[in-house]
$ cat input22.txt   # compact mmCIF, C-alpha atoms (C1' of nucleotides)
# COMPACT_ATOMS: atom_id res chain seq x y z
CA MET A 11 32.50 5.43 3.45
CA GLY A 12 30.92 6.47 6.72
CA LEU A 13 28.92 9.26 5.19
CA THR A 14 25.17 9.05 5.59
CA LYS A 15 23.40 9.82 2.31
CA THR A 16 21.30 12.52 3.88
CA GLU A 17 20.16 14.08 0.63
CA ALA A 18 18.74 10.77 -0.52
CA PHE A 19 16.14 10.65 2.24
CA SER A 20 13.15 12.81 3.06
CA GLU A 21 13.38 15.76 5.41
CA ASP A 22 11.02 13.92 7.69
CA GLN A 23 13.22 10.85 7.83
CA ASN A 24 16.37 12.85 8.43
CA GLU A 25 14.73 14.88 11.15
CA LEU A 26 13.45 11.91 13.09
CA ALA A 27 16.78 10.15 12.69
CA SER A 28 18.71 13.12 14.02
CA LEU A 29 16.37 13.43 16.99
CA ALA A 30 16.99 9.76 17.71
CA LYS A 31 20.71 10.32 17.33
CA ALA A 32 20.58 12.96 20.05
CA LEU A 33 19.20 10.29 22.39
CA ALA A 34 21.59 7.62 21.18
CA HIS A 35 24.12 7.88 24.00
CA PRO A 36 23.68 6.88 27.64
CA ALA A 37 25.38 10.06 28.83
CA ARG A 38 22.81 12.19 27.03
CA ILE A 39 19.99 10.08 28.41
CA ALA A 40 21.51 10.55 31.87
CA ILE A 41 21.76 14.29 31.38
CA LEU A 42 18.13 14.53 30.33
CA GLN A 43 16.98 12.34 33.22
CA HIS A 44 18.89 14.52 35.65
CA LEU A 45 17.39 17.69 34.23
CA LEU A 46 13.93 16.14 34.33
CA LYS A 47 14.47 15.36 38.00
CA ILE A 48 15.95 18.60 39.26
CA ASN A 49 14.53 20.97 36.65
CA ALA A 50 17.76 22.87 36.08
CA CYS A 51 21.44 22.69 36.93
CA ILE A 52 24.78 23.97 35.79
CA CYS A 53 27.30 22.06 33.73
CA GLY A 54 29.56 21.54 36.75
CA ASP A 55 26.83 19.68 38.60
CA LEU A 56 26.49 17.29 35.68
CA VAL A 57 30.23 16.74 35.68
CA ASP A 58 29.93 15.67 39.34
CA VAL A 59 27.05 13.33 38.59
CA LEU A 60 28.38 11.78 35.38
CA PRO A 61 31.46 9.58 34.98
CA LEU A 62 32.86 11.89 32.34
CA SER A 63 35.22 14.82 32.13
CA GLN A 64 34.07 18.41 31.87
CA PRO A 65 34.89 18.78 28.16
CA THR A 66 33.02 15.59 27.37
CA VAL A 67 29.94 16.66 29.31
CA SER A 68 30.06 20.02 27.58
CA GLN A 69 30.17 18.25 24.24
CA HIS A 70 27.10 16.16 25.06
CA LEU A 71 25.27 19.26 26.23
CA LYS A 72 26.04 20.86 22.90
CA ALA A 73 24.55 17.88 21.07
CA LEU A 74 21.34 18.10 23.07
CA LYS A 75 21.17 21.83 22.61
CA SER A 76 21.66 21.57 18.85
CA VAL A 77 18.44 19.58 18.49
CA GLY A 78 16.68 21.93 20.88
CA LEU A 79 15.87 19.48 23.65
CA ILE A 80 17.65 21.66 26.21
CA LYS A 81 18.57 25.29 26.55
CA GLY A 82 21.18 27.09 28.62
CA CYS A 83 20.79 30.31 30.55
CA ILE A 84 23.96 32.22 31.40
CA GLU A 85 24.10 33.00 35.10
CA GLY A 86 27.26 34.82 35.94
CA THR A 87 30.19 32.58 35.14
CA SER A 88 28.08 29.45 34.94
CA VAL A 89 25.37 28.22 32.58
CA SER A 90 22.11 26.81 33.88
CA TYR A 91 20.78 24.07 31.66
CA CYS A 92 17.20 22.86 31.51
CA ILE A 93 14.73 21.08 29.30
CA ASP A 94 13.08 23.17 26.59
CA ALA A 95 9.53 22.13 27.43
CA ALA A 96 7.94 23.31 24.19
CA ARG A 97 10.46 21.53 22.02
CA TRP A 98 10.37 18.50 24.29
CA ASN A 99 6.66 18.10 23.74
CA LEU A 100 7.06 18.47 20.00
CA VAL A 101 9.65 15.73 19.97
CA ARG A 102 7.47 13.59 22.18
CA GLU A 103 4.68 13.88 19.63
CA ARG A 104 7.07 13.20 16.79
CA PHE A 105 8.08 9.87 18.27
CA GLY A 106 4.53 9.23 19.40
CA THR A 107 3.00 9.50 15.97
CA PHE A 108 5.81 7.43 14.52
CA PHE A 109 5.23 4.59 16.94
CA ASP A 110 1.45 4.89 16.66
CA THR A 111 1.64 4.17 12.95
CA LEU A 112 1.59 0.47 13.69
CA VAL A 113 -1.91 -0.87 13.15
CA ALA A 114 -3.02 -3.36 15.76
CA GLU A 115 -3.42 -6.41 13.51
CA GLN A 116 -0.10 -5.88 11.79
CA ASP A 117 2.20 -8.76 12.62
CA CYS A 118 3.91 -11.51 10.68
CA SER A 119 3.67 -14.53 12.91
CA CYS A 120 7.06 -16.18 12.62
CA MET B 5 38.95 7.16 22.16
CA GLY B 6 35.53 6.87 20.55
CA LEU B 7 34.49 4.22 23.01
CA THR B 8 31.27 4.81 24.92
CA LYS B 9 31.72 4.12 28.64
CA THR B 10 28.82 1.71 28.69
CA GLU B 11 29.68 0.15 32.03
CA ALA B 12 29.55 3.55 33.72
CA PHE B 13 25.85 4.01 33.00
CA SER B 14 22.76 2.19 34.18
CA GLU B 15 21.27 -0.69 32.24
CA ASP B 16 18.21 1.47 31.72
CA GLN B 17 20.19 4.30 30.22
CA ASN B 18 22.16 2.02 27.95
CA GLU B 19 19.03 0.26 26.80
CA LEU B 20 17.16 3.41 25.89
CA ALA B 21 20.25 4.82 24.18
CA SER B 22 20.70 1.70 22.07
CA LEU B 23 17.05 1.74 21.06
CA ALA B 24 17.48 5.34 20.00
CA LYS B 25 20.64 4.40 18.13
CA ALA B 26 18.65 1.87 16.10
CA LEU B 27 16.43 4.74 14.94
CA ALA B 28 19.34 7.12 14.41
CA HIS B 29 19.68 6.71 10.67
CA PRO B 30 17.27 7.87 7.95
CA ALA B 31 17.61 4.57 6.09
CA ARG B 32 16.41 2.65 9.13
CA ILE B 33 13.53 5.07 9.61
CA ALA B 34 12.66 4.58 5.94
CA ILE B 35 12.78 0.80 6.32
CA LEU B 36 10.46 0.90 9.32
CA GLN B 37 8.07 3.30 7.58
CA HIS B 38 7.93 1.00 4.57
CA LEU B 39 7.26 -2.03 6.72
CA LEU B 40 4.58 -0.13 8.62
CA LYS B 41 2.92 0.70 5.33
CA ILE B 42 3.04 -2.63 3.56
CA ASN B 43 3.21 -4.93 6.58
CA ALA B 44 5.94 -7.18 5.21
CA CYS B 45 8.40 -7.35 2.35
CA ILE B 46 11.61 -8.99 1.33
CA CYS B 47 15.04 -7.41 1.42
CA GLY B 48 15.11 -7.03 -2.35
CA ASP B 49 12.02 -4.85 -2.31
CA LEU B 50 13.71 -2.52 0.15
CA VAL B 51 16.77 -2.35 -2.06
CA ASP B 52 14.48 -1.17 -4.87
CA VAL B 53 12.87 1.44 -2.64
CA LEU B 54 15.98 2.75 -0.91
CA PRO B 55 18.90 4.62 -2.49
CA LEU B 56 21.36 2.09 -1.09
CA SER B 57 23.08 -1.07 -2.21
CA GLN B 58 21.96 -4.55 -1.18
CA PRO B 59 24.77 -5.09 1.33
CA THR B 60 24.04 -1.75 2.97
CA VAL B 61 20.32 -2.44 3.25
CA SER B 62 21.10 -5.86 4.68
CA GLN B 63 23.31 -4.21 7.28
CA HIS B 64 20.59 -1.79 8.33
CA LEU B 65 18.11 -4.66 8.56
CA LYS B 66 20.53 -6.45 10.85
CA ALA B 67 20.74 -3.41 13.11
CA LEU B 68 16.95 -3.21 13.39
CA LYS B 69 16.71 -6.93 14.00
CA SER B 70 19.33 -6.84 16.72
CA VAL B 71 17.18 -4.54 18.85
CA GLY B 72 14.12 -6.62 18.05
CA LEU B 73 12.10 -4.00 16.20
CA ILE B 74 11.79 -6.26 13.17
CA LYS B 75 11.96 -9.96 12.49
CA GLY B 76 12.66 -11.96 9.37
CA CYS B 77 10.86 -15.06 8.18
CA ILE B 78 12.70 -17.24 5.71
CA GLU B 79 10.59 -17.95 2.66
CA GLY B 80 12.47 -20.05 0.19
CA THR B 81 15.52 -18.14 -0.92
CA SER B 82 14.23 -14.83 0.33
CA VAL B 83 13.54 -13.39 3.75
CA SER B 84 10.31 -11.64 4.55
CA TYR B 85 10.83 -8.84 7.02
CA CYS B 86 8.18 -7.27 9.21
CA ILE B 87 7.69 -5.29 12.39
CA ASP B 88 7.73 -7.30 15.61
CA ALA B 89 4.51 -5.87 17.00
CA ALA B 90 5.03 -7.00 20.59
CA ARG B 91 8.50 -5.57 20.78
CA TRP B 92 7.41 -2.47 18.91
CA ASN B 93 4.80 -1.71 21.53
CA LEU B 94 7.28 -2.24 24.33
CA VAL B 95 9.67 0.22 22.72
CA ARG B 96 6.84 2.66 22.16
CA GLU B 97 6.08 2.56 25.88
CA ARG B 98 9.75 2.89 26.72
CA PHE B 99 10.00 6.15 24.83
CA GLY B 100 6.56 7.20 25.98
CA THR B 101 7.33 6.96 29.68
CA PHE B 102 10.66 8.68 29.10
CA PHE B 103 9.06 11.65 27.41
CA ASP B 104 6.17 11.73 29.87
CA THR B 105 8.59 12.29 32.73
CA LEU B 106 8.49 16.01 32.04
CA VAL B 107 6.15 17.69 34.48
CA ALA B 108 3.98 20.38 32.99
CA GLU B 109 5.32 23.36 34.94
CA GLN B 110 8.94 22.44 34.36
CA ASP B 111 10.59 25.09 32.25
CA CYS B 112 13.39 27.57 32.73
CA SER B 113 12.24 30.70 31.01
CA CYS B 114 15.29 31.97 29.20
C1' DA C 24 44.07 44.69 38.19
C1' DA C 25 44.87 39.98 39.47
C1' DA C 26 43.13 35.80 40.79
C1' DT C 27 39.41 32.63 40.68
C1' DT C 28 35.59 30.03 38.76
C1' DC C 29 33.06 28.01 35.24
C1' DT C 30 32.30 26.66 30.54
C1' DA C 31 33.54 26.17 25.68
C1' DT C 32 36.70 25.03 22.18
C1' DC C 33 40.90 23.00 20.11
C1' DG C 34 43.63 19.21 19.04
C1' DT C 35 44.31 14.53 19.07
C1' DA C 36 43.76 9.47 19.68
C1' DA C 37 40.81 5.60 19.62
C1' DT C 38 36.75 3.42 18.31
C1' DA C 39 32.29 3.23 15.66
C1' DT C 40 29.44 3.79 11.70
C1' DT C 41 28.37 3.88 6.90
C1' DG C 42 28.67 2.25 2.31
C1' DC C 43 29.82 -0.89 -1.23
C1' DG C 44 32.30 -4.39 -4.21
C1' DA C 45 33.39 -9.05 -3.95
C1' DT C 46 32.17 -13.31 -2.33
C1' DA C 47 29.98 -16.91 0.47
C1' DT C 48 25.65 -19.17 1.59
C1' DT C 49 21.24 -21.15 1.02
C1' DA C 50 17.28 -22.82 -1.24
C1' DA C 51 14.52 -23.08 -5.30
C1' DA C 52 14.41 -24.00 -10.29
C1' DA C 53 15.87 -25.91 -14.53
C1' DT D 10 23.39 -31.69 -10.67
C1' DT D 11 23.91 -27.28 -12.45
C1' DT D 12 22.10 -22.93 -12.62
C1' DT D 13 19.63 -19.17 -10.75
C1' DA D 14 17.93 -16.05 -7.23
C1' DA D 15 18.12 -13.85 -2.83
C1' DT D 16 20.49 -12.61 1.21
C1' DA D 17 24.37 -12.40 4.40
C1' DT D 18 29.10 -11.69 5.36
C1' DC D 19 33.90 -10.11 4.51
C1' DG D 20 37.14 -6.59 3.71
C1' DC D 21 38.13 -2.16 2.98
C1' DA D 22 37.92 3.02 2.71
C1' DA D 23 35.93 7.20 4.33
C1' DT D 24 33.67 9.73 7.69
C1' DA D 25 31.65 10.28 12.42
C1' DT D 26 31.62 9.84 17.31
C1' DT D 27 33.55 9.67 21.83
C1' DA D 28 36.74 11.05 25.30
C1' DC D 29 40.00 13.99 27.42
C1' DG D 30 44.12 17.09 28.29
C1' DA D 31 45.33 21.65 27.37
C1' DT D 32 43.82 26.05 26.76
C1' DA D 33 40.96 30.02 25.68
C1' DG D 34 37.04 33.04 27.05
C1' DA D 35 33.96 35.42 30.18
C1' DA D 36 32.28 36.98 34.46
C1' DT D 37 32.76 37.20 39.41
C1' DT D 38 35.63 37.82 43.44
C1' DT D 39 39.49 39.47 45.93

$ encode --input "input22.txt" --output "structure tokens"
Amino acid sequence: MGLTKTEAFSEDQNELASLAKALAHPARIAILQHLLKINACICGDLVDVLPLSQPTVSQHLKALKSVGLIKGCIEGTSVSYCIDAARWNLVRERFGTFFDTLVAEQDCSC
Amino acid sequence: MGLTKTEAFSEDQNELASLAKALAHPARIAILQHLLKINACICGDLVDVLPLSQPTVSQHLKALKSVGLIKGCIEGTSVSYCIDAARWNLVRERFGTFFDTLVAEQDCSC
DNA sequence: AAATTCTATCGTAATATTGCGATATTAAAA
DNA sequence: TTTTAATATCGCAATATTACGATAGAATTT
């Protein structure tokens, strides 16, 4: 089918999965890394840095924005994008607690 | 197209993206949560727990196994799945250092 | 006002993912 | 050896994602 049975899973599970999905493309990782490095930049700068066209970069920015990891400030004709620090830290914790669920002894030796 | 330009991004970026992709489905999150809770179980148990058919669960298990987050031990006719603790901790660090890249002051107030 | 600049959206093509029935595979059990 | 049980794989259909050219929209510049 190709349709994820969203309604069959918990809100928690869907939320974490969709956060992961936002990170599930090298271009979006690259965008985030660039923003982390230079704090903020406009879409056009990302188009210069990435091996992708302007519409494609814009599409990836939209995906990151839709989960709240970045935000865009309109500055004249351009849009300055940057990390949303508050949301970023929430997401960091979300993944952190997920990964920290593993208890030390837990391991099937095989 | 629908084809990610993998070769145009760094190995690092592709690796992190593919780890995220493994987590980018609620069923796979649910599988990992279940394994975290009960340490190990066979595929059939997961089929009972999840709202998905056996082939679909098997497919999700394969995806998790391919990135190394879980491993399967053959036990007679069944396969006991569990978290690969060593790999798990590596992935935890991978995401951890990524998220920790954000410097405290960094934020565009808008 | 017209031209320019920058970004978003539309439309489309190609590939990927998801889900499941049917079936193959493998090992234990009868 | 035949049956049973458990899992993996195949094949297919439906939906999602990725990428980009063309174009629309919005604000600045000329």

$ residues_around --input "input22.txt" --residues "region 19-23 of chain D" --least-positions-apart "2" --cutoff "10 Å" --atoms "all atoms listed in the file" --output "tab-separated table (two decimals) with C-alpha atoms (C1' of nucleotides), in the coordinates of the input"
chain	number	residue	atom	x	y	z
A	11	MET	CA	32.50	5.43	3.45
A	12	GLY	CA	30.92	6.47	6.72
A	13	LEU	CA	28.92	9.26	5.19
C	41	DT	C1'	28.37	3.88	6.90
C	42	DG	C1'	28.67	2.25	2.31
C	43	DC	C1'	29.82	-0.89	-1.23
C	44	DG	C1'	32.30	-4.39	-4.21
C	45	DA	C1'	33.39	-9.05	-3.95
C	46	DT	C1'	32.17	-13.31	-2.33
C	47	DA	C1'	29.98	-16.91	0.47
D	17	DA	C1'	24.37	-12.40	4.40
D	25	DA	C1'	31.65	10.28	12.42

$ interface_residues --input "input22.txt" --of "chain B" --to "chain C" --cutoff "10 Å" --atoms "only C-alpha atoms (C1' of nucleotides)" --output "list in words"
Met5, Gly6, Leu7, Thr8, His29, Leu56, Ser57, Gln58, Pro59, Thr60, Val61, Gln63, His64, Glu79, Gly80, Thr81 and Ser82 of chain B

$ closest_atom_pairs --input "input22.txt" --of "chain D" --to "chain A" --cutoff "9 Å" --atoms "only C-alpha atoms (C1' of nucleotides)" --output "tab-separated table"
residue	atom	partner	partner_atom	distance
D:DA22	C1'	A:Met11	CA	6.0
D:DA23	C1'	A:Met11	CA	4.0
D:DT24	C1'	A:Gly12	CA	4.4
D:DA25	C1'	A:Gly12	CA	6.9
D:DT27	C1'	A:Thr66	CA	8.1
D:DA28	C1'	A:Thr66	CA	6.2
D:DC29	C1'	A:Ser63	CA	6.8
D:DA35	C1'	A:Thr87	CA	6.8
D:DA36	C1'	A:Thr87	CA	4.9
D:DT37	C1'	A:Thr87	CA	6.8

$ residues_around --input "input22.txt" --residues "Leu46 (chain A)" --least-positions-apart "3" --cutoff "12 Å" --atoms "all atoms listed in the file" --output "list in words"
Ile39, Ala40, Ile41, Leu42, Gln43, Asn49, Ala50, Cys51, Leu79, Ile80, Tyr91, Cys92, Ile93, Asp94, Ala95 and Trp98 of chain A; Phe102, Phe103, Asp104, Thr105, Leu106, Val107, Ala108, Glu109, Gln110, Asp111 and Cys112 of chain B

$ atom_distance --input "input22.txt" --atom1 "CA of Leu39 (chain B)" --atom2 "CA of Phe99 (chain B)"
20.1 Å

$ residues_around --input "input22.txt" --residues "Pro61 (chain A)" --least-positions-apart "2" --cutoff "9 Å" --atoms "all atoms listed in the file" --output "list in words"
Ala37, Val57, Asp58, Val59 and Ser63 of chain A; Lys9, Ala12 and Phe13 of chain B

$ atom_distance --input "input22.txt" --atom1 "CA of Arg104 (chain A)" --atom2 "CA of Asn24 (chain A)"
12.5 Å

$ closest_residue --input "input22.txt" --among "A:Val77, A:Cys83, A:Cys120, A:Val89" --to "Ala27 (chain A)" --atoms "only C-alpha atoms"
A:Val77

$ atom_distance --input "input22.txt" --atom1 "CA of Leu29 (chain A)" --atom2 "CA of Ala28 (chain B)"
7.4 Å

$ closest_residue --input "input22.txt" --among "A:Val101, A:Lys31, A:Ser68, A:Glu17" --to "chain B" --atoms "all atoms listed in the file"
A:Lys31

$ closest_residue --input "input22.txt" --among "A:Arg102, A:His44, A:Lys75, A:Arg97" --to "chain B" --atoms "only C-alpha atoms"
A:Arg102
